[in-house]
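Peer 1: What follows is input37.txt, made up of compact mmCIF, C-alpha atoms and all ligand atoms:
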```txt
# COMPACT_ATOMS: atom_id res chain seq x y z
CA MET A 1 -18.00 -14.86 8.09
CA ALA A 2 -15.35 -12.67 9.73
CA ARG A 3 -16.69 -10.08 12.13
CA LYS A 4 -16.52 -6.57 10.72
CA PRO A 5 -14.55 -4.07 12.81
CA ALA A 6 -16.92 -1.49 14.21
CA LEU A 7 -14.23 1.15 14.55
CA GLU A 8 -10.53 1.51 14.21
CA GLU A 9 -8.16 3.37 16.43
CA MET A 10 -4.66 4.65 15.96
CA ALA A 11 -2.05 4.16 18.64
CA GLY A 12 1.29 5.87 19.01
CA ILE A 13 4.44 5.05 17.16
CA LEU A 14 5.76 1.61 17.73
CA GLU A 15 9.23 0.76 18.95
CA LEU A 16 9.91 -2.72 17.68
CA PRO A 17 12.79 -4.75 19.12
CA VAL A 18 16.05 -4.60 17.16
CA VAL A 19 17.85 -7.92 16.65
CA ASP A 20 21.53 -7.80 15.70
CA PHE A 21 22.15 -10.65 13.30
CA SER A 22 25.92 -10.32 13.61
CA SER A 23 25.98 -10.85 17.36
CA LEU A 24 28.08 -13.83 18.41
CA ASP A 25 26.01 -14.30 21.53
CA ARG A 26 23.43 -16.62 19.99
CA ALA A 27 21.73 -17.37 23.29
CA SER A 28 21.00 -13.67 23.94
CA THR A 29 19.91 -13.15 20.34
CA ALA A 30 17.53 -16.12 20.63
CA LYS A 31 16.14 -14.68 23.86
CA LEU A 32 15.52 -11.34 22.22
CA ILE A 33 13.84 -13.03 19.24
CA ARG A 34 11.61 -15.00 21.60
CA GLN A 35 10.51 -11.86 23.39
CA ALA A 36 9.87 -10.07 20.09
CA CYS A 37 7.82 -12.97 18.71
CA LEU A 38 5.78 -13.28 21.91
CA GLU A 39 5.01 -9.59 22.16
CA TYR A 40 4.89 -8.29 18.60
CA GLY A 41 5.44 -11.01 16.02
CA PHE A 42 7.61 -8.35 14.37
CA PHE A 43 11.16 -7.10 14.81
CA TYR A 44 13.93 -5.30 12.97
CA LEU A 45 16.93 -7.30 11.84
CA VAL A 46 20.14 -5.28 11.57
CA ASN A 47 23.60 -6.30 10.36
CA HIS A 48 21.95 -9.03 8.30
CA GLY A 49 24.87 -9.11 5.87
CA ILE A 50 22.96 -8.38 2.66
CA GLU A 51 25.00 -5.65 1.00
CA GLU A 52 23.40 -2.24 0.59
CA GLY A 53 24.58 -2.22 -3.04
CA LEU A 54 22.69 -5.42 -3.83
CA LEU A 55 19.54 -4.15 -2.15
CA GLY A 56 19.87 -0.94 -4.16
CA ARG A 57 20.10 -2.96 -7.38
CA VAL A 58 17.02 -4.99 -6.43
CA PHE A 59 15.01 -1.80 -5.81
CA GLU A 60 16.31 -0.36 -9.09
CA GLY A 61 15.38 -3.58 -10.92
CA SER A 62 11.95 -3.51 -9.35
CA LYS A 63 11.38 0.10 -10.51
CA ASN A 64 12.49 -0.81 -14.03
CA LEU A 65 10.18 -3.81 -14.13
CA PHE A 66 7.11 -1.96 -12.92
CA SER A 67 7.85 0.89 -15.37
CA LEU A 68 7.33 -1.45 -18.31
CA PRO A 69 4.05 -1.07 -20.25
CA LEU A 70 1.21 -3.08 -18.75
CA ASP A 71 1.01 -5.40 -21.78
CA GLU A 72 4.70 -6.34 -21.34
CA LYS A 73 4.07 -7.10 -17.67
CA MET A 74 0.92 -9.06 -18.46
CA LYS A 75 2.95 -11.39 -20.69
CA MET A 76 4.50 -12.56 -17.44
CA GLN A 77 1.24 -12.80 -15.49
CA ARG A 78 1.30 -15.03 -12.40
CA ASN A 79 1.13 -18.66 -13.47
CA GLU A 80 -0.18 -21.74 -11.71
CA GLY A 81 3.15 -22.08 -9.97
CA HIS A 82 2.48 -18.69 -8.37
CA ARG A 83 5.33 -16.98 -10.20
CA GLY A 84 5.21 -13.80 -12.20
CA TYR A 85 3.32 -10.52 -12.34
CA THR A 86 0.13 -9.58 -10.52
CA PRO A 87 -1.53 -6.31 -11.63
CA PRO A 88 -3.26 -3.84 -9.29
CA PHE A 89 -6.49 -5.24 -7.80
CA ALA A 90 -5.53 -8.87 -8.57
CA GLU A 91 -5.26 -9.61 -4.89
CA LYS A 92 -7.49 -8.84 -1.94
CA LEU A 93 -5.57 -9.80 1.18
CA ASP A 94 -8.58 -8.95 3.34
CA PRO A 95 -11.46 -10.72 1.54
CA SER A 96 -14.02 -9.19 3.91
CA LEU A 97 -13.51 -5.72 2.34
CA PRO A 98 -16.02 -4.44 -0.23
CA SER A 99 -13.20 -2.89 -2.33
CA LYS A 100 -12.18 -4.12 -5.77
CA GLY A 101 -8.84 -5.29 -4.43
CA ASP A 102 -5.47 -4.06 -3.21
CA LEU A 103 -3.78 -1.21 -5.10
CA LYS A 104 -0.35 -2.81 -5.30
CA GLU A 105 1.18 -4.60 -8.26
CA SER A 106 3.75 -7.29 -7.63
CA PHE A 107 6.12 -9.81 -9.13
CA TYR A 108 6.79 -13.25 -7.60
CA ILE A 109 9.96 -15.28 -7.98
CA GLY A 110 9.83 -18.80 -6.58
CA PRO A 111 12.36 -21.54 -5.86
CA MET A 112 14.82 -22.12 -8.69
CA GLU A 113 15.04 -25.82 -7.94
CA GLY A 114 12.26 -28.20 -7.11
CA ASN A 115 9.60 -30.36 -8.58
CA GLU A 116 8.80 -28.74 -11.90
CA LEU A 117 5.79 -31.00 -12.39
CA GLN A 118 4.12 -29.49 -9.42
CA TRP A 119 5.45 -25.96 -9.64
CA LEU A 120 5.74 -24.18 -12.93
CA SER A 121 8.91 -22.30 -13.59
CA ASN A 122 9.79 -18.70 -12.93
CA GLN A 123 9.11 -16.02 -15.50
CA TRP A 124 11.77 -13.48 -16.38
CA PRO A 125 11.80 -10.25 -18.37
CA SER A 126 14.01 -10.64 -21.42
CA GLU A 127 17.70 -9.84 -21.16
CA GLU A 128 17.32 -7.22 -23.95
CA ILE A 129 14.65 -5.33 -22.03
CA LEU A 130 16.18 -5.59 -18.55
CA PRO A 131 19.81 -6.71 -18.69
CA TYR A 132 21.19 -8.49 -15.58
CA TRP A 133 17.75 -8.37 -14.00
CA ARG A 134 17.48 -12.10 -13.49
CA GLU A 135 21.01 -12.42 -12.03
CA THR A 136 20.32 -9.64 -9.53
CA MET A 137 17.07 -11.22 -8.37
CA VAL A 138 18.57 -14.72 -8.15
CA LEU A 139 21.45 -13.37 -6.08
CA TYR A 140 19.10 -11.57 -3.71
CA TYR A 141 16.89 -14.65 -3.46
CA GLU A 142 19.88 -16.77 -2.41
CA LYS A 143 21.12 -14.23 0.14
CA ALA A 144 17.68 -13.75 1.65
CA LEU A 145 17.21 -17.53 1.81
CA SER A 146 20.44 -17.97 3.68
CA VAL A 147 19.50 -15.20 6.16
CA GLY A 148 16.09 -16.86 6.55
CA LYS A 149 17.61 -20.25 7.26
CA ILE A 150 20.00 -18.90 9.91
CA LEU A 151 17.15 -16.93 11.42
CA THR A 152 15.09 -20.12 11.58
CA SER A 153 17.87 -21.81 13.55
CA LEU A 154 17.78 -18.88 16.00
CA ILE A 155 14.01 -19.27 16.19
CA ALA A 156 14.52 -22.96 17.05
CA LEU A 157 16.84 -21.89 19.89
CA ALA A 158 14.26 -19.32 20.95
CA LEU A 159 11.78 -22.20 21.30
CA ASP A 160 14.22 -24.25 23.37
CA LEU A 161 14.69 -26.67 20.49
CA GLU A 162 17.99 -27.79 19.02
CA GLU A 163 19.07 -25.27 16.46
CA CYS A 164 18.81 -27.68 13.52
CA PHE A 165 15.25 -28.65 14.48
CA PHE A 166 13.54 -27.19 11.39
CA GLU A 167 16.20 -28.71 9.14
CA LYS A 168 15.75 -32.10 10.77
CA ILE A 169 12.01 -32.18 10.17
CA GLY A 170 12.62 -31.28 6.52
CA ALA A 171 11.08 -27.80 6.63
CA LEU A 172 14.16 -26.14 5.14
CA HIS A 173 14.91 -28.73 2.49
CA LYS A 174 13.87 -27.10 -0.80
CA PRO A 175 11.68 -24.62 1.07
CA MET A 176 8.84 -22.90 -0.79
CA ALA A 177 10.44 -19.50 -0.50
CA PHE A 178 9.12 -16.63 -2.59
CA LEU A 179 10.70 -13.31 -3.39
CA ARG A 180 8.06 -10.71 -4.06
CA LEU A 181 8.70 -7.30 -5.52
CA LEU A 182 5.97 -4.87 -4.56
CA HIS A 183 4.99 -1.53 -6.04
CA TYR A 184 2.35 0.73 -4.52
CA PRO A 185 1.46 3.26 -7.22
CA ASP A 186 0.97 6.90 -6.29
CA SER A 187 -2.72 7.53 -6.14
CA ALA A 188 -5.24 9.62 -4.33
CA SER A 189 -5.40 8.53 -0.71
CA GLY A 190 -7.86 5.67 -0.81
CA SER A 191 -7.96 4.13 2.63
CA ILE A 192 -10.96 6.25 3.54
CA ASP A 193 -13.22 4.44 1.11
CA GLY A 194 -11.80 1.06 1.91
CA GLU A 195 -8.88 0.83 -0.50
CA PHE A 196 -5.45 -0.17 0.71
CA GLY A 197 -2.03 -0.61 -0.77
CA ALA A 198 -2.20 -4.02 0.86
CA SER A 199 -5.25 -4.77 3.02
CA ALA A 200 -5.07 -6.37 6.47
CA HIS A 201 -3.58 -9.85 6.48
CA THR A 202 -1.16 -12.19 8.14
CA ASP A 203 1.63 -13.86 6.19
CA TYR A 204 1.34 -17.57 5.57
CA GLY A 205 4.69 -19.20 6.20
CA ILE A 206 7.54 -19.32 8.71
CA VAL A 207 8.95 -15.80 8.55
CA THR A 208 8.92 -12.87 6.13
CA LEU A 209 11.94 -10.61 5.56
CA LEU A 210 10.87 -7.22 4.30
CA ALA A 211 13.03 -4.44 2.86
CA CYS A 212 11.28 -1.08 2.54
CA ASP A 213 12.22 2.09 0.69
CA GLY A 214 11.44 4.43 3.59
CA VAL A 215 8.03 5.60 2.34
CA PRO A 216 5.55 5.16 5.22
CA GLY A 217 2.39 3.07 5.11
CA LEU A 218 3.12 -0.20 6.91
CA GLN A 219 1.04 -0.74 10.03
CA ILE A 220 0.50 -3.60 12.45
CA CYS A 221 -2.40 -4.58 14.67
CA ARG A 222 -1.16 -6.58 17.62
CA GLU A 223 -4.48 -7.97 18.83
CA LYS A 224 -6.16 -9.35 15.74
CA ASP A 225 -9.17 -10.70 17.63
CA GLU A 226 -9.92 -7.54 19.58
CA TYR A 227 -12.20 -4.76 18.40
CA PRO A 228 -11.88 -1.92 17.77
CA ARG A 229 -8.66 -2.77 16.01
CA VAL A 230 -5.70 -0.66 17.03
CA TRP A 231 -3.21 0.08 14.24
CA GLU A 232 0.35 1.16 14.88
CA ASP A 233 2.78 2.64 12.34
CA VAL A 234 5.98 0.68 11.76
CA PRO A 235 8.66 3.35 11.42
CA HIS A 236 11.39 2.86 8.84
CA LEU A 237 14.77 1.84 10.24
CA ASP A 238 17.52 2.48 7.73
CA GLY A 239 19.40 -0.66 6.72
CA ALA A 240 17.16 -3.00 8.71
CA LEU A 241 14.95 -5.78 7.41
CA VAL A 242 11.53 -5.95 9.01
CA VAL A 243 10.92 -9.56 10.06
CA ASN A 244 7.53 -11.00 10.90
CA VAL A 245 6.23 -14.36 12.01
CA GLY A 246 3.94 -16.21 9.59
CA ASP A 247 0.88 -18.35 10.25
CA LEU A 248 2.62 -21.70 9.97
CA LEU A 249 5.09 -20.71 12.69
CA GLU A 250 2.13 -19.54 14.77
CA ARG A 251 0.55 -22.97 14.28
CA TRP A 252 3.79 -24.78 15.16
CA THR A 253 4.04 -22.76 18.36
CA ASN A 254 0.36 -23.05 19.26
CA CYS A 255 0.02 -19.24 19.11
CA LEU A 256 2.98 -18.65 21.44
CA PHE A 257 4.61 -16.76 18.57
CA ARG A 258 2.25 -14.29 16.97
CA SER A 259 1.53 -14.03 13.30
CA THR A 260 0.57 -10.39 13.51
CA LEU A 261 -2.00 -8.68 11.33
CA HIS A 262 -0.52 -5.96 9.11
CA ARG A 263 -1.45 -3.76 6.18
CA VAL A 264 -0.11 -0.99 3.96
CA LEU A 265 -2.11 2.22 3.76
CA ALA A 266 -2.76 4.01 0.51
CA THR A 267 -1.02 7.24 1.46
CA GLY A 268 -0.98 8.66 -2.05
CA LEU A 269 2.81 8.26 -2.18
CA GLU A 270 4.54 5.84 -4.49
CA ARG A 271 6.21 3.06 -2.51
CA TYR A 272 8.40 0.04 -3.24
CA SER A 273 9.17 -2.89 -0.98
CA ILE A 274 10.83 -6.28 -1.33
CA ALA A 275 9.33 -9.18 0.60
CA PHE A 276 10.89 -12.59 1.01
CA PHE A 277 8.51 -15.23 2.31
CA LEU A 278 10.17 -18.27 3.81
CA GLU A 279 7.70 -21.12 3.64
CA PRO A 280 8.45 -24.75 4.53
CA ASN A 281 9.05 -27.60 2.10
CA SER A 282 5.70 -28.46 0.53
CA ASP A 283 5.56 -31.93 2.14
CA CYS A 284 6.37 -30.69 5.62
CA LEU A 285 3.75 -31.54 8.23
CA VAL A 286 3.17 -28.56 10.50
CA GLU A 287 1.95 -29.70 13.89
CA CYS A 288 1.98 -28.28 17.39
CA LEU A 289 5.45 -28.52 18.96
CA ASP A 290 5.62 -30.64 22.10
CA SER A 291 7.14 -27.74 24.00
CA CYS A 292 4.14 -25.55 23.12
CA ARG A 293 1.36 -27.85 24.33
CA SER A 294 0.16 -28.94 27.73
CA GLU A 295 -3.00 -30.20 29.35
CA ALA A 296 -4.01 -26.65 30.08
CA CYS A 297 -3.02 -25.55 26.60
CA PRO A 298 -3.93 -28.26 24.07
CA PRO A 299 -3.15 -27.83 20.36
CA ARG A 300 -5.39 -25.20 18.79
CA PHE A 301 -4.89 -26.39 15.23
CA PRO A 302 -4.84 -29.83 13.66
CA PRO A 303 -1.65 -30.88 11.83
CA VAL A 304 -1.54 -29.58 8.26
CA ARG A 305 0.64 -30.29 5.26
CA SER A 306 2.43 -27.09 4.31
CA SER A 307 1.44 -27.11 0.61
CA ASP A 308 -2.25 -27.82 1.39
CA TYR A 309 -2.29 -24.88 3.77
CA LEU A 310 -0.55 -22.51 1.38
CA LYS A 311 -2.72 -23.50 -1.58
CA GLU A 312 -5.88 -22.80 0.38
CA ARG A 313 -4.62 -19.41 1.58
CA LEU A 314 -3.68 -18.39 -1.96
CA ARG A 315 -7.02 -19.55 -3.29
CA ILE A 316 -8.84 -17.25 -0.87
CA THR A 317 -6.53 -14.29 -1.55
CA TYR A 318 -7.00 -14.54 -5.32
CA ALA A 319 -10.72 -15.37 -5.29
CA SER A 320 -11.63 -11.80 -6.30
CA GLU A 321 -9.34 -12.13 -9.36
CA GLU A 322 -11.27 -15.20 -10.49
CA HIS A 323 -14.53 -13.29 -10.15
CA GLN A 324 -13.17 -10.37 -12.17
CA ALA A 325 -11.89 -12.61 -14.95
O1 LIG A 401 5.02 -3.75 1.47
C1 LIG A 401 4.98 -3.93 2.68
O2 LIG A 401 5.46 -3.14 3.49
C2 LIG A 401 4.29 -5.16 3.24
C3 LIG A 401 3.93 -6.20 2.22
C4 LIG A 401 3.24 -7.36 2.80
O3 LIG A 401 2.81 -7.35 3.93
C5 LIG A 401 3.06 -8.60 2.01
O4 LIG A 401 3.29 -8.60 0.79
O5 LIG A 401 2.71 -9.63 2.62
FE FE A 402 2.43 -9.34 4.60
```
Could you take the file, read its structure, and then write that structure out as C-alpha cells?
Ligand SMILES: O=C(O)CCC(=O)C(=O)O
Ligand SMILES: [Fe+2]

Peer 2:
Amino acid sequence: MARKPALEEMAGILELPVVDFSSLDRASTAKLIRQACLEYGFFYLVNHGIEEGLLGRVFEGSKNLFSLPLDEKMKMQRNEGHRGYTPPFAEKLDPSLPSKGDLKESFYIGPMEGNELQWLSNQWPSEEILPYWRETMVLYYEKALSVGKILTSLIALALDLEECFFEKIGALHKPMAFLRLLHYPDSASGSIDGEFGASAHTDYGIVTLLACDGVPGLQICREKDEYPRVWEDVPHLDGALVVNVGDLLERWTNCLFRSTLHRVLATGLERYSIAFFLEPNSDCLVECLDSCRSEACPPRFPPVRSSDYLKERLRITYASEEHQA
C-alpha cells in the first residue's frame, strides 16, 4: 500500500532546461539532456521541427472530436488494443486516491503497423463527421515518432552509449508509441476534494512529448519518495514540447534518469493537450545498462519485457473502470 502524503507544499515556479533540437552540436545537446534528466526528468524541446500549422490542426481536430455527443464518442471506446476513447473518470492515474477517477477524457491512437493479432486496430471517427481527421492525426503521429527516435539517439549519447544503441537492441523497431489527445473539461475547481484533471503519476515508457495549449495546470514533484510532496508549476513555453522521462528509461538507467511524478490540477479552466508516449517494441527486454551499474550501485530492478510491464501498468490505471462497469 502506497504511503499517503501527510501534507503537500507548493514551491516556486520552475525553470526547466531548454534543449534546442536544431543545434548541430550534438555533444553539447546530449550533455544538456543528461543534466536535465538527472535533475528534473523534464525539459522543454524547442525547434523540434513540427510545424505550428500541423499542431494547430491537431488541437482543432481534438476539440472537434471531444465536442461530439458522448454516445458518438462511446462508439469508439478504448478497445483491448488500448486505442480509442476514454470518458471522464475512466482512468485513475493515482490509484491511492479516494476519488472516482480523473476528470479528463482522452483518445488514444496506437501504432499503424504491427501485430494485429496482439493489438487491435485504431478507431477513427467517420470521414463524414470529421473530414481529414485521420490524416491529420497520422501525420502528427509520424512526425512525433521521428522526433522521439532522434531524441532517443541523443539520450543514448547522453548515457555515453553509441547513438544507435536503442535501435540496435530493437527498442525502436515498431515501437509501441501512442498518441493521446487529452481534454480537461471546465469544471468547478476540484483538487480540494481530491479530484484532478490527471492525478499524480509517472509515465510508463521511454519518453513523452507533450504539447500544451497554454492553460496552466501541469505540475511536477521532483522527489517522489519524499514527504511532504513539493509540487512545482510547469510554465507554458510557447512553441516548445515538454519532454519527460518514462519509467522504462528510469529502469534502464537504474534511476540515474528520473521518471518524475506529475499531475494536472483541476483549475476549473478547459484545457487541451497532446501527449505522445514513446514506448519500446513490445518484445524489448529492459534491463539495467552496464554503464549505470556498479558494485556500489547494483541494479534496482529485475529485467522486464516491455509489453509485460506496460500491460501491468495499464491494468492498475484502469482498475477503477472495471469496478465501475
Ligand atoms: O495534459 C498534460 O499536461 C499531462 C498529461 C499526462 O501527464 C499524461 O497523459 O500522462
Ligand atoms: Fe503523464

Peer 1: Can you tell me which residues sit at most 12 Å away from ligand FE 402 (chain A), counting all atoms listed in the file, written as a PyMOL selection string?

Peer 2: chain A and resi 41-42+92-94+180+182+197-211+218-220+242-247+259-264+273-278+317

Peer 1: Report, in Å with one decimal, the straight-line distance from atom CA of A:Ile150 to atom CA of A:Asn281.

Peer 2: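 Computing it gives 16.0 Å between the two atoms.
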
Peer 1: What is the distance, in Å and to one decimal place, between atom CA of A:His173 and atom CA of A:Leu145?

Peer 2: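 These two atoms are separated by 11.5 Å.
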
Peer 1: Set the distance at 9 Å and use all atoms listed in the file: which residues neighbour A:Glu287 once local chain neighbours fewer than 2 positions away are removed? I'd like the list as a list in words.

Peer 2: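 After dropping sequence-adjacent residues, the list is Leu248, Arg251, Trp252, Thr253, Asn254, Leu285, Leu289, Pro299, Phe301, Pro302, Pro303, Val304 and Arg305 of chain A.
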
Peer 1: Go ahead and save the picked residues with C-alpha atoms, as a PDB file, in the frame of the given file.

Peer 2:
```
ATOM      1  CA  LEU A 248       2.620 -21.700   9.970  1.00  0.00           C
ATOM      2  CA  ARG A 251       0.550 -22.970  14.280  1.00  0.00           C
ATOM      3  CA  TRP A 252       3.790 -24.780  15.160  1.00  0.00           C
ATOM      4  CA  THR A 253       4.040 -22.760  18.360  1.00  0.00           C
ATOM      5  CA  ASN A 254       0.360 -23.050  19.260  1.00  0.00           C
ATOM      6  CA  LEU A 285       3.750 -31.540   8.230  1.00  0.00           C
ATOM      7  CA  LEU A 289       5.450 -28.520  18.960  1.00  0.00           C
ATOM      8  CA  PRO A 299      -3.150 -27.830  20.360  1.00  0.00           C
ATOM      9  CA  PHE A 301      -4.890 -26.390  15.230  1.00  0.00           C
ATOM     10  CA  PRO A 302      -4.840 -29.830  13.660  1.00  0.00           C
ATOM     11  CA  PRO A 303      -1.650 -30.880  11.830  1.00  0.00           C
ATOM     12  CA  VAL A 304      -1.540 -29.580   8.260  1.00  0.00           C
ATOM     13  CA  ARG A 305       0.640 -30.290   5.260  1.00  0.00           C
TER      14      ARG A 305
END
```

Peer 1: Do you know which residues lie at most 6 Å from (-14.6, -5.0, 0.7), with coordinates as in the file and all atoms listed in the file counted, and could you write them as number ranges by chain?

Peer 2: A: 96-99

Peer 1: In Å, with one decimal, what is the gap from atom CA of A:Asn64 to atom CA of A:Met76?

Peer 2: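 Between atom CA of A:Asn64 and atom CA of A:Met76 the gap works out to 14.6 Å.
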
Peer 1: Quick one: residues within 7 Å of A:Phe21, only C-alpha atoms counted, chain neighbours fewer than 3 positions away excluded, as a ChimeraX atom specification?

Peer 2: /A:45-48

Peer 1: Emit the selected residues as an mmCIF file, in the coordinates of the input, including C-alpha atoms.

Peer 2:
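Result saved to selection.cif:
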```cif
data_model
loop_
_atom_site.group_PDB
_atom_site.id
_atom_site.type_symbol
_atom_site.label_atom_id
_atom_site.label_comp_id
_atom_site.auth_asym_id
_atom_site.auth_seq_id
_atom_site.Cartn_x
_atom_site.Cartn_y
_atom_site.Cartn_z
ATOM 1 C CA LEU A 45 16.930 -7.300 11.840
ATOM 2 C CA VAL A 46 20.140 -5.280 11.570
ATOM 3 C CA ASN A 47 23.600 -6.300 10.360
ATOM 4 C CA HIS A 48 21.950 -9.030 8.300
#
```

Peer 1: Pick the closest to A:Val215 from A:Ile13, A:Val138, A:Leu265, A:Leu55: which is it, counting all atoms listed in the file?

Peer 2: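 Distance minimum relative to A:Val215 lands on A:Leu265.
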
Peer 1: With distances taken over all atoms listed in the file, which of A:Lys104, A:Lys143, A:Lys174, A:Arg222 is nearest to ligand LIG 401 (chain A)?

Peer 2: A:Lys104

Peer 1: Counting only C-alpha atoms and all ligand atoms, which residue out of A:Tyr272, A:Tyr108, A:Phe196, A:Phe257 sits closest to ligand LIG 401 (chain A)?

Peer 2: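 Using only C-alpha atoms and all ligand atoms, the shortest distance to ligand LIG 401 (chain A) belongs to A:Tyr272.
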
Peer 1: From the list A:Leu32, A:Ile316, A:Leu181, A:Met10, which residue is nearest ligand LIG 401 (chain A) when using only C-alpha atoms and all ligand atoms?

Peer 2: A:Leu181

Peer 1: If you count only C-alpha atoms, which residues fall within 9 Å of A:Lys75, apart from same-chain ones fewer than 4 positions away, as a ChimeraX atom specification?

Peer 2: /A:70-71,85

Peer 1: Those residues you just picked out, can you put them in a file as a PDB file, in the coordinates of the input with C-alpha atoms?

Peer 2:
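That gives us out08.pdb:
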```pdb
ATOM      1  CA  LEU A  70       1.210  -3.080 -18.750  1.00  0.00           C
ATOM      2  CA  ASP A  71       1.010  -5.400 -21.780  1.00  0.00           C
ATOM      3  CA  TYR A  85       3.320 -10.520 -12.340  1.00  0.00           C
TER       4      TYR A  85
END
```

Peer 1: Taking only C-alpha atoms into account, which of A:Leu249, A:Ala30, A:Leu269, A:Met112 comes nearest A:Glu135?

Peer 2: A:Met112

Peer 1: Distance cut-off 12 Å, centre (-3.3, -7.3, -7.7) in file coordinates, counting all atoms listed in the file: which residues qualify? Return them as a VMD selection string.

Peer 2: chain A and resid 74 77 to 78 84 to 93 100 to 108 182 to 185 196 to 199 317 to 322 324

Peer 1: Can you write out the residues you just picked, keeping C-alpha atoms, as a tab-separated table (two decimals), keeping the file's coordinate frame?

Peer 2:
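After the write, again05.tsv holds the following:
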```tsv
chain	number	residue	atom	x	y	z
A	74	MET	CA	0.92	-9.06	-18.46
A	77	GLN	CA	1.24	-12.80	-15.49
A	78	ARG	CA	1.30	-15.03	-12.40
A	84	GLY	CA	5.21	-13.80	-12.20
A	85	TYR	CA	3.32	-10.52	-12.34
A	86	THR	CA	0.13	-9.58	-10.52
A	87	PRO	CA	-1.53	-6.31	-11.63
A	88	PRO	CA	-3.26	-3.84	-9.29
A	89	PHE	CA	-6.49	-5.24	-7.80
A	90	ALA	CA	-5.53	-8.87	-8.57
A	91	GLU	CA	-5.26	-9.61	-4.89
A	92	LYS	CA	-7.49	-8.84	-1.94
A	93	LEU	CA	-5.57	-9.80	1.18
A	100	LYS	CA	-12.18	-4.12	-5.77
A	101	GLY	CA	-8.84	-5.29	-4.43
A	102	ASP	CA	-5.47	-4.06	-3.21
A	103	LEU	CA	-3.78	-1.21	-5.10
A	104	LYS	CA	-0.35	-2.81	-5.30
A	105	GLU	CA	1.18	-4.60	-8.26
A	106	SER	CA	3.75	-7.29	-7.63
A	107	PHE	CA	6.12	-9.81	-9.13
A	108	TYR	CA	6.79	-13.25	-7.60
A	182	LEU	CA	5.97	-4.87	-4.56
A	183	HIS	CA	4.99	-1.53	-6.04
A	184	TYR	CA	2.35	0.73	-4.52
A	185	PRO	CA	1.46	3.26	-7.22
A	196	PHE	CA	-5.45	-0.17	0.71
A	197	GLY	CA	-2.03	-0.61	-0.77
A	198	ALA	CA	-2.20	-4.02	0.86
A	199	SER	CA	-5.25	-4.77	3.02
A	317	THR	CA	-6.53	-14.29	-1.55
A	318	TYR	CA	-7.00	-14.54	-5.32
A	319	ALA	CA	-10.72	-15.37	-5.29
A	320	SER	CA	-11.63	-11.80	-6.30
A	321	GLU	CA	-9.34	-12.13	-9.36
A	322	GLU	CA	-11.27	-15.20	-10.49
A	324	GLN	CA	-13.17	-10.37	-12.17
```

Peer 1: So, counting all atoms listed in the file, which residue among A:Pro216, A:Pro228, A:Gly170, A:Pro298 is closest to ligand LIG 401 (chain A)?

Peer 2: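 Of the candidates, the smallest distance to ligand LIG 401 (chain A) is held by A:Pro216.
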
Peer 1: Contacts of A:Ile129 at 10 Å or less, counting all atoms listed in the file, minus same-chain residues fewer than 3 places along, as a ChimeraX atom specification?

Peer 2: /A:64-65,68,125-126,132-133

Peer 1: Got a sec: who's within 12 Å of A:Gly53, counting all atoms listed in the file, leaving out chain neighbours fewer than 3 positions off, as a PyMOL selection string?

Peer 2: chain A and resi 49-50+56-60+136+139-140+239

Peer 1: Write out the residues from the selection above, keeping C-alpha atoms, as a compact mmCIF listing (two decimals), keeping the file's coordinate frame.

Peer 2:
```txt
# COMPACT_ATOMS: atom_id res chain seq x y z
CA GLY A 49 24.87 -9.11 5.87
CA ILE A 50 22.96 -8.38 2.66
CA GLY A 56 19.87 -0.94 -4.16
CA ARG A 57 20.10 -2.96 -7.38
CA VAL A 58 17.02 -4.99 -6.43
CA PHE A 59 15.01 -1.80 -5.81
CA GLU A 60 16.31 -0.36 -9.09
CA THR A 136 20.32 -9.64 -9.53
CA LEU A 139 21.45 -13.37 -6.08
CA TYR A 140 19.10 -11.57 -3.71
CA GLY A 239 19.40 -0.66 6.72
```
